[in-house]
Amino acid sequence: MKVKINNREYEFDKEMSILDAVKSAHIKIPTLCYSEKLEPFGSCRLCSVEVKGERTLKPACVTKITDGMEIFTHSEKVRKTRKTIMELIVASHGITCNLNCLTCSKSNSCEIKEIAGEIGITEIRVPPISNGLAEDKSSYSIVREPQKCIVCNRCVRKCAEVQSVNILTIANRGPNTYVTTFMDKGMGNVDCTNCGQCILECPTGALHEVYHTEQVWNVLSDKDKFVIVQTAPAVRVAIAEEFGAEPGRITTKQMVAGLRLLGFDKVFDTNFSADLTIMEEANEFIERFKDGGKLPLFTSCSPGWIKFIEHNYPEFIDNLSTCKSPQQMFGAIAKTYYANKIGVPREKMVVVSIMPCTAKKFERVRPEMKGDVDYVLTTRELAKMFKLAGIDLLNLPAEDYDIPLGISSGAAAIFGATGGVMEAALRTAYEAITGKELEKLDFESVRGIKGIKEATIAIDGIKVNVAVVNGLGNARKVLEMIKNGEKEYHFVEFMACPGGCIGGGGQPIPTNNEILLKRMEAIYEVDKSLPIRKSHENPAVKALYEEFLGEPLSEKSHELLHTTYVARS
Amino acid sequence: MEKIFLKTDLGKSLENYDFPGLKRTLNMTPQQVISKIKESGLRGRGGAGFPTGIKWETVYNIQDEEKFVICNADEGEPGTFKDRFLMENLSFKVLEGIIISAYATGSKYGYIYIRGEYVKSIKIMRNAIEKLYEKNILGKNILNSDFSFDLKLVRGAGAYVCGDETSLINSIEGERGKSRIKPPLPVFEGLFGKPTVVNNVETLAAAAEIMKYEDNIYSEMGTERSRGTKLISISGDVNKPGVYEVEFGELSVKEIINELAGGVKGSGLGFVIPGGISTEVLTEEEIDVPYTYENLQKIGSNVGSGGMIVVSKDRNYLEIAKNVSDFFRDETCGTCFPCREGNKNINKIVTDIYRRGYPTSKEIEIISDIKGAVSSAARCGFGESSLNLILSLFDKFYNKKVTV
């Protein structure tokens, strides 16, 4: 196909949108409602281009190229139209003195700001028109600020198309068109999984996490409190992006140093409790497998996934591992074993988590978790605290985690990427079943960004069918296949977010496929760089069992490390 | 003089109408029917004016077990009431046209989507459909032919935008009434993803009348690009408002107003909205124009839906502009930015102008820029045409009067 773009000839060998064609010619067309993960929608019209012979401008995202087409991406008519549309969008965004860019959650990642700059807006001739809608603060995880919403539909589509959760919708029409939840009940009162994918998708600050930063500042300055912090595996490979570093930069040790500068009494690692999770979960799997227990076993680390299954597939609740997530295992051990060890009363100890996840904020308040974790900060929130404290993260000296709850293996590190929990569990289960040392630690078949991965692993002649699933839309597909008897698995890892925790709703924005892959590479680099790469070889975990828990699945383990679920349908 | 073609059989009841167009159709092949409609030059009467025969032919040529015909009776354009006239007075001819379109396109199922506020039309059409089932003019083996066709009536829920064919299809499917991205056009992927013909009430009634005759007398009426007749619903400041049938090219807009509608009431003509509030206004100097698609387009307006509104000098034009703007602001589906935000912002400006009594040149400039963006980049025909009237009104009556 021969296509002329701005009077230059290009040749394309397959059908594609004008947007993709133009992109391959290294010309950028502004887009707002378009997102690489979603079906093109054609509502913002910013990508409109002139096509020779057409009466009106054509939206590049939904218009296919044809042979002989002549496209003008930045003609005078196009520029003028885009400018006017952008003026209208800015006006609809309702910026007022109390609601300005300085205080906005997206002050550093606002797409409107970026596009307005690219389009060259010099004045907004129409005054802002407020939609008069109130904030939705009903959720433990996510806040909606509809005043900033420009109704681009991306959150609605992400929730439906990628996550198949469908809790956001468009209501009313005309000037009263707005995004809302079923019957305006609020995100905390509907089947929201708290995954936060909508936050990543939102081009404005209309969606953000429920902030815990103020509370954390308060406890940090409270002399009576002993404040400890745990950091999730996926944070260390992403937080540097908030400071302008290339995606994939590993700043584990700088982050540890930064947390000490913030004033945390001890800096620990969720990776420690990830190892602990593997000890419990691998043994749970072996037990179920040998004793004819409920299979397939489903992993339970992802609180978004847990809430999804509780709402949508309560019939599968017994398939869930009873293991708490690493965040909650950490809290439970910190406030018992560790508190005892150092002689700090439980009431004085404050546990703060740094998570790539917004659903963890909900998980924390589940009654089953008994308040073991006090506050949850997202990667973005921690970056904000660092900045507020003037901490130059990228250039801090490397420091190590505190012991003992800061010691971890490579198996724990890979929890942050889809497939990681499965791989970590296999490393331990293999050796536990066979009693032999695993020669090749890397299970390549469960790695990578694909939504659904399958593998059959031979352990001592027994074939174990496993699957690894990320993104709730894929989870729904797999659950349906299991339900219909199309698939028979023994063990399935589920993560609510596309890519696993590295693509969590609390991660730096933007989070796109290219960035996900770089974070993922970094995760496996962390694994490779560690001297211990199997959970059961973690000396601190071994000591914990010897001194306190006894053995995996012991009574004490069950009391502290396992949980129950509720059907929410 | 009115040209009576569509209005033939007015006064007849369903009981004494014997469906001559349908009978002739059933004795022809679908291709022959399509040829006849193509030759007649009939164009869609909803406003867009697309050749009907080509639409039918496209769907006929697609091999699919399931195809649909839809009669678009969501007549919502302010000032337009010719479809209501047809449904209330010639229900049988409208239904006859629907069945003919189904036969020509090879569709076994059809819908008639009637504007929810048209309570009387809905009642009449519902009764008529029931009677046609009793008379074997709908249902299995219509009039003992091989052709079977089922028709269902759907009542609209009050959204103007559902008159847009893709929005209407969404509405029938139970989805939100908003336009779909084209392509695919409904003729390829329409209702439930199947090939679908959507035709206006008047178009279908005309098709039924065309099929009644051995000869193609329709093709001999009108001009080359505007064949046949058109129903015009005239309202506003005229002495005899109503629905009149006009042969294209025979009368000018001025003659239609003066000879058919009994002339302007009040102290003289202000302006004319020729085809519903999506069309540009015509001043007194402009109305001496032959009533055809091409002549109206030449002077920057349109036949539109045929809803002609006559406005006398005594009216407050700014109040009219505000009314029109209120309507479009409230009726946009709210999906695409230029249409939703453009109409919202223009409404604010027009309201200010109305309160003040005159526009500033800055306001005209902003309205003109927004109009440009909406017309060239909106997602559907609704948005594209939503600002035609307002801008033309300011352009023609206020451009010289504005204060700087």
# chains A, B, ... in the order shown; residues from 1 in each chain; ligands from 1
call {"tool": "select_by_dssp", "arguments": {"residues": "segment 199-438 of chain A", "states": "helix (DSSP H, G or I)", "output": "PyMOL selection string"}}
result
chain A and resi 199-201+213-220+239-243+252-262+270-291+303-312+314-319+326-342+346-348+359-365+367-369+379-388+393-395+410-416+420-434
call {"tool": "closest_atom_pairs", "arguments": {"of": "chain A", "to": "chain B", "cutoff": "6 Å", "atoms": "only C-alpha atoms", "output": "JSON lines"}}
result
{"residue": "A:Ser43", "atom": "CA", "partner": "B:Cys336", "partner_atom": "CA", "distance": 4.1}
{"residue": "A:Cys44", "atom": "CA", "partner": "B:Phe337", "partner_atom": "CA", "distance": 5.1}
{"residue": "A:Thr56", "atom": "CA", "partner": "B:Ser376", "partner_atom": "CA", "distance": 4.7}
{"residue": "A:Leu57", "atom": "CA", "partner": "B:Ser376", "partner_atom": "CA", "distance": 5.3}
{"residue": "A:Thr81", "atom": "CA", "partner": "B:Ala373", "partner_atom": "CA", "distance": 4.6}
{"residue": "A:Ile85", "atom": "CA", "partner": "B:Pro338", "partner_atom": "CA", "distance": 5.7}
{"residue": "A:Leu88", "atom": "CA", "partner": "B:Glu341", "partner_atom": "CA", "distance": 5.8}
{"residue": "A:Arg173", "atom": "CA", "partner": "B:Cys333", "partner_atom": "CA", "distance": 5.1}
{"residue": "A:Gly174", "atom": "CA", "partner": "B:Thr332", "partner_atom": "CA", "distance": 4.6}
{"residue": "A:Thr177", "atom": "CA", "partner": "B:Gly334", "partner_atom": "CA", "distance": 5.6}
call {"tool": "residues_around", "arguments": {"residues": "Val237 of chain A", "least_positions_apart": "5", "cutoff": "6 Å", "atoms": "only C-alpha atoms", "output": "CSV table (one decimal) with N, CA, C and O atoms, in the first residue's frame"}}
result
chain,number,residue,atom,x,y,z
A,248,GLY,N,13.6,0.3,34.5
A,248,GLY,CA,14.5,-0.9,34.7
A,248,GLY,C,15.7,-0.6,35.6
A,248,GLY,O,16.4,-1.5,35.9
A,249,ARG,N,15.8,0.6,36.1
A,249,ARG,CA,16.9,0.9,37.0
A,249,ARG,C,16.6,0.3,38.3
A,249,ARG,O,15.6,0.5,38.9
A,250,ILE,N,17.6,-0.5,38.9
A,250,ILE,CA,17.4,-1.1,40.2
A,250,ILE,C,18.0,-0.2,41.3
A,250,ILE,O,19.2,0.1,41.2
A,519,ARG,N,11.1,-3.3,33.5
A,519,ARG,CA,11.0,-3.6,35.0
A,519,ARG,C,11.1,-5.1,35.2
A,519,ARG,O,11.8,-5.6,36.2
call {"tool": "residues_around", "arguments": {"residues": "Pro30 of chain A", "least_positions_apart": "4", "cutoff": "10 Å", "atoms": "only C-alpha atoms", "output": "list in words"}}
result
Leu19, Tyr34, Cys44, Arg45, Leu46, Cys47, Ser48, Ala60, Arg82, Glu111, Glu114, Ile115, Ala116, Glu118 and Ile119 of chain A
call {"tool": "select_by_dssp", "arguments": {"residues": "segment 202-431 of chain A", "states": "strand (DSSP E)", "output": "PyMOL selection string"}}
result
chain A and resi 207-209+226-231+266-269+297-298+349-355+375-378
call {"tool": "write_last_selection", "arguments": {"atoms": "N, CA, C and O atoms", "output": "tab-separated table (two decimals), in the first residue's frame"}}
result
chain	number	residue	atom	x	y	z
A	207	LEU	N	-8.40	10.18	39.16
A	207	LEU	CA	-8.32	8.95	39.95
A	207	LEU	C	-6.95	8.88	40.62
A	207	LEU	O	-5.93	9.10	39.97
A	208	HIS	N	-6.93	8.61	41.89
A	208	HIS	CA	-5.65	8.37	42.57
A	208	HIS	C	-5.88	7.50	43.79
A	208	HIS	O	-7.03	7.27	44.19
A	209	GLU	N	-4.78	7.05	44.38
A	209	GLU	CA	-4.90	6.19	45.55
A	209	GLU	C	-5.36	6.98	46.76
A	209	GLU	O	-5.23	8.20	46.81
A	226	PHE	N	7.52	2.68	67.41
A	226	PHE	CA	8.64	1.98	66.76
A	226	PHE	C	8.15	1.63	65.37
A	226	PHE	O	7.31	0.76	65.18
A	227	VAL	N	8.64	2.38	64.38
A	227	VAL	CA	8.07	2.28	63.03
A	227	VAL	C	8.98	1.46	62.13
A	227	VAL	O	10.14	1.83	61.91
A	228	ILE	N	8.46	0.36	61.64
A	228	ILE	CA	9.25	-0.44	60.71
A	228	ILE	C	8.58	-0.44	59.34
A	228	ILE	O	7.38	-0.21	59.22
A	229	VAL	N	9.39	-0.67	58.33
A	229	VAL	CA	8.85	-0.61	56.98
A	229	VAL	C	9.25	-1.85	56.20
A	229	VAL	O	10.32	-2.43	56.45
A	230	GLN	N	8.37	-2.30	55.33
A	230	GLN	CA	8.68	-3.42	54.43
A	230	GLN	C	8.50	-2.92	52.99
A	230	GLN	O	7.62	-2.12	52.71
A	231	THR	N	9.35	-3.41	52.10
A	231	THR	CA	9.25	-2.97	50.71
A	231	THR	C	8.98	-4.16	49.80
A	231	THR	O	9.67	-5.17	49.84
A	266	LYS	N	13.44	0.54	61.52
A	266	LYS	CA	14.05	-0.61	60.86
A	266	LYS	C	13.52	-0.67	59.43
A	266	LYS	O	12.34	-0.42	59.19
A	267	VAL	N	14.40	-1.03	58.53
A	267	VAL	CA	14.00	-1.16	57.12
A	267	VAL	C	14.07	-2.64	56.73
A	267	VAL	O	15.16	-3.22	56.70
A	268	PHE	N	12.93	-3.21	56.50
A	268	PHE	CA	12.84	-4.64	56.21
A	268	PHE	C	12.30	-4.86	54.79
A	268	PHE	O	11.95	-3.92	54.09
A	269	ASP	N	12.20	-6.14	54.48
A	269	ASP	CA	11.88	-6.47	53.09
A	269	ASP	C	10.68	-7.43	53.02
A	269	ASP	O	10.68	-8.46	53.71
A	297	LEU	N	-4.72	-25.65	42.90
A	297	LEU	CA	-4.46	-24.67	43.94
A	297	LEU	C	-4.24	-23.31	43.26
A	297	LEU	O	-3.52	-23.23	42.27
A	298	PHE	N	-4.90	-22.30	43.80
A	298	PHE	CA	-4.73	-20.95	43.27
A	298	PHE	C	-3.90	-20.12	44.25
A	298	PHE	O	-4.15	-20.18	45.45
A	349	MET	N	4.39	-0.81	68.06
A	349	MET	CA	4.99	-1.08	66.76
A	349	MET	C	4.05	-0.65	65.63
A	349	MET	O	2.86	-0.94	65.66
A	350	VAL	N	4.61	0.06	64.68
A	350	VAL	CA	3.84	0.46	63.51
A	350	VAL	C	4.48	-0.18	62.28
A	350	VAL	O	5.68	-0.05	62.07
A	351	VAL	N	3.67	-0.90	61.51
A	351	VAL	CA	4.18	-1.54	60.30
A	351	VAL	C	3.70	-0.77	59.07
A	351	VAL	O	2.49	-0.61	58.86
A	352	VAL	N	4.63	-0.28	58.29
A	352	VAL	CA	4.30	0.44	57.06
A	352	VAL	C	4.76	-0.42	55.88
A	352	VAL	O	5.85	-0.99	55.92
A	353	SER	N	3.92	-0.51	54.85
A	353	SER	CA	4.31	-1.27	53.65
A	353	SER	C	4.51	-0.31	52.49
A	353	SER	O	3.74	0.63	52.33
A	354	ILE	N	5.51	-0.59	51.68
A	354	ILE	CA	5.66	0.13	50.41
A	354	ILE	C	5.28	-0.86	49.32
A	354	ILE	O	5.93	-1.89	49.14
A	355	MET	N	4.22	-0.57	48.61
A	355	MET	CA	3.64	-1.56	47.69
A	355	MET	C	3.43	-0.96	46.30
A	355	MET	O	3.15	0.23	46.17
A	375	TYR	N	-0.09	0.97	57.71
A	375	TYR	CA	-0.24	1.87	56.58
A	375	TYR	C	0.39	1.27	55.35
A	375	TYR	O	1.37	0.53	55.44
A	376	VAL	N	-0.20	1.60	54.21
A	376	VAL	CA	0.35	1.12	52.94
A	376	VAL	C	0.61	2.33	52.04
A	376	VAL	O	-0.28	3.13	51.80
A	377	LEU	N	1.84	2.46	51.60
A	377	LEU	CA	2.18	3.52	50.65
A	377	LEU	C	2.44	2.89	49.29
A	377	LEU	O	3.07	1.84	49.20
A	378	THR	N	1.97	3.54	48.23
A	378	THR	CA	2.31	3.05	46.90
A	378	THR	C	3.72	3.52	46.55
A	378	THR	O	4.27	4.39	47.22
call {"tool": "residues_around", "arguments": {"residues": "Ala157 of chain B", "least_positions_apart": "5", "cutoff": "12 Å", "atoms": "only C-alpha atoms", "output": "number ranges by chain"}}
result
B: 74, 76, 113-119, 162-163, 168, 171-172, 174-177
call {"tool": "write_last_selection", "arguments": {"atoms": "all heavy atoms", "output": "short mmCIF file (atom, residue, chain, number, x, y, z; two decimals), in the first residue's frame"}}
result
data_model
loop_
_atom_site.label_atom_id
_atom_site.label_comp_id
_atom_site.auth_asym_id
_atom_site.auth_seq_id
_atom_site.Cartn_x
_atom_site.Cartn_y
_atom_site.Cartn_z
N ASP B 74 -37.72 7.77 14.49
CA ASP B 74 -37.35 8.55 15.67
C ASP B 74 -37.26 10.02 15.27
O ASP B 74 -36.22 10.66 15.38
CB ASP B 74 -36.01 8.05 16.22
CG ASP B 74 -35.73 8.62 17.60
OD1 ASP B 74 -36.68 8.70 18.40
OD2 ASP B 74 -34.58 8.98 17.88
N GLY B 76 -37.04 13.43 15.54
CA GLY B 76 -36.83 14.30 16.68
C GLY B 76 -36.39 15.69 16.33
O GLY B 76 -36.28 16.57 17.18
N TYR B 113 -38.56 1.78 14.77
CA TYR B 113 -38.14 2.45 16.00
C TYR B 113 -38.81 3.81 16.02
O TYR B 113 -38.45 4.72 15.26
CB TYR B 113 -36.62 2.59 16.00
CG TYR B 113 -36.01 3.16 17.25
CD1 TYR B 113 -35.47 2.33 18.23
CD2 TYR B 113 -35.94 4.54 17.46
CE1 TYR B 113 -34.89 2.85 19.38
CE2 TYR B 113 -35.37 5.07 18.61
CZ TYR B 113 -34.84 4.21 19.55
OH TYR B 113 -34.26 4.73 20.69
N ILE B 114 -39.84 3.94 16.88
CA ILE B 114 -40.63 5.17 16.87
C ILE B 114 -40.29 6.04 18.08
O ILE B 114 -40.16 5.54 19.20
CB ILE B 114 -42.15 4.86 16.88
CG1 ILE B 114 -42.49 3.88 15.75
CG2 ILE B 114 -42.97 6.14 16.75
CD1 ILE B 114 -43.95 3.51 15.65
N ARG B 115 -40.18 7.30 17.81
CA ARG B 115 -39.91 8.27 18.88
C ARG B 115 -40.91 8.09 20.03
O ARG B 115 -42.12 8.02 19.82
CB ARG B 115 -40.04 9.68 18.28
CG ARG B 115 -39.87 10.76 19.29
CD ARG B 115 -39.99 12.11 18.61
NE ARG B 115 -39.89 13.15 19.63
CZ ARG B 115 -40.00 14.43 19.40
NH1 ARG B 115 -40.22 14.86 18.17
NH2 ARG B 115 -39.90 15.30 20.37
N GLY B 116 -40.39 8.02 21.24
CA GLY B 116 -41.21 7.71 22.42
C GLY B 116 -42.35 8.68 22.66
O GLY B 116 -43.42 8.29 23.15
N GLU B 117 -42.13 9.95 22.31
CA GLU B 117 -43.18 10.96 22.54
C GLU B 117 -44.34 10.82 21.57
O GLU B 117 -45.40 11.41 21.78
CB GLU B 117 -42.57 12.36 22.43
CG GLU B 117 -41.59 12.71 23.52
CD GLU B 117 -40.16 12.31 23.16
OE1 GLU B 117 -39.97 11.40 22.32
OE2 GLU B 117 -39.23 12.90 23.74
N TYR B 118 -44.16 10.09 20.50
CA TYR B 118 -45.21 9.94 19.49
C TYR B 118 -46.21 8.88 19.93
O TYR B 118 -46.35 7.81 19.32
CB TYR B 118 -44.60 9.55 18.15
CG TYR B 118 -44.05 10.71 17.34
CD1 TYR B 118 -44.02 12.01 17.84
CD2 TYR B 118 -43.57 10.50 16.04
CE1 TYR B 118 -43.52 13.06 17.09
CE2 TYR B 118 -43.07 11.55 15.28
CZ TYR B 118 -43.04 12.83 15.81
OH TYR B 118 -42.55 13.86 15.05
N VAL B 119 -46.95 9.20 20.98
CA VAL B 119 -47.85 8.20 21.57
C VAL B 119 -48.90 7.73 20.57
O VAL B 119 -49.17 6.54 20.44
CB VAL B 119 -48.51 8.80 22.83
CG1 VAL B 119 -49.44 7.79 23.47
CG2 VAL B 119 -47.45 9.25 23.82
N CYS B 162 -30.67 9.28 18.99
CA CYS B 162 -31.04 7.95 18.50
C CYS B 162 -31.64 7.99 17.10
O CYS B 162 -31.87 6.96 16.50
CB CYS B 162 -31.97 7.25 19.47
SG CYS B 162 -31.08 6.70 20.94
N GLY B 163 -31.87 9.18 16.57
CA GLY B 163 -32.24 9.29 15.18
C GLY B 163 -31.05 9.04 14.25
O GLY B 163 -31.22 8.74 13.08
N LEU B 168 -29.26 4.57 16.96
CA LEU B 168 -30.55 3.87 16.99
C LEU B 168 -30.33 2.36 17.12
O LEU B 168 -31.00 1.68 17.90
CB LEU B 168 -31.31 4.21 15.71
CG LEU B 168 -32.73 3.70 15.52
CD1 LEU B 168 -33.49 4.66 14.62
CD2 LEU B 168 -32.77 2.32 14.92
N SER B 171 -29.40 1.54 20.54
CA SER B 171 -30.58 1.62 21.41
C SER B 171 -31.43 0.36 21.30
O SER B 171 -31.88 -0.17 22.31
CB SER B 171 -31.39 2.87 21.04
OG SER B 171 -32.58 2.92 21.77
N ILE B 172 -31.63 -0.13 20.08
CA ILE B 172 -32.42 -1.38 19.92
C ILE B 172 -31.72 -2.53 20.64
O ILE B 172 -32.36 -3.37 21.26
CB ILE B 172 -32.61 -1.73 18.43
CG1 ILE B 172 -33.50 -0.68 17.75
CG2 ILE B 172 -33.25 -3.12 18.28
CD1 ILE B 172 -33.74 -0.94 16.27
N GLY B 174 -30.17 -2.39 23.25
CA GLY B 174 -30.18 -2.21 24.70
C GLY B 174 -28.95 -1.51 25.21
O GLY B 174 -28.73 -1.40 26.41
N GLU B 175 -28.13 -1.00 24.29
CA GLU B 175 -26.93 -0.29 24.69
C GLU B 175 -27.24 1.20 24.87
O GLU B 175 -28.30 1.68 24.49
CB GLU B 175 -25.84 -0.44 23.60
CG GLU B 175 -25.38 -1.85 23.37
CD GLU B 175 -24.52 -2.38 24.50
OE1 GLU B 175 -23.77 -1.60 25.09
OE2 GLU B 175 -24.63 -3.58 24.81
N ARG B 176 -26.27 1.89 25.40
CA ARG B 176 -26.36 3.33 25.52
C ARG B 176 -26.54 3.95 24.13
O ARG B 176 -25.91 3.54 23.17
CB ARG B 176 -25.04 3.81 26.12
CG ARG B 176 -24.95 5.24 26.47
CD ARG B 176 -23.58 5.53 27.09
NE ARG B 176 -23.32 6.95 27.04
CZ ARG B 176 -23.89 7.84 27.84
NH1 ARG B 176 -24.70 7.42 28.78
NH2 ARG B 176 -23.65 9.12 27.72
N GLY B 177 -27.43 4.94 24.03
CA GLY B 177 -27.70 5.58 22.74
C GLY B 177 -26.58 6.51 22.34
O GLY B 177 -26.63 7.70 22.57
#
call {"tool": "residues_around", "arguments": {"residues": "segment 248-262 of chain B", "least_positions_apart": "4", "cutoff": "10 Å", "atoms": "only C-alpha atoms", "output": "NGL selection string"}}
result
:B and (1-3 or 221-230 or 232-235 or 237-244 or 272 or 274 or 282 or 284-296 or 308-310)
call {"tool": "residues_around", "arguments": {"residues": "segment 520-523 of chain A", "least_positions_apart": "5", "cutoff": "10 Å", "atoms": "only C-alpha atoms", "output": "PyMOL selection string"}}
result
chain A and resi 233-238+247-250+410+413-418+420+447-449+499-503+515+528
call {"tool": "closest_residue", "arguments": {"among": "B:Val246, B:Ile367, B:Ile390, B:Val324", "to": "Glu280 of chain B", "atoms": "only C-alpha atoms"}}
result
B:Ile390
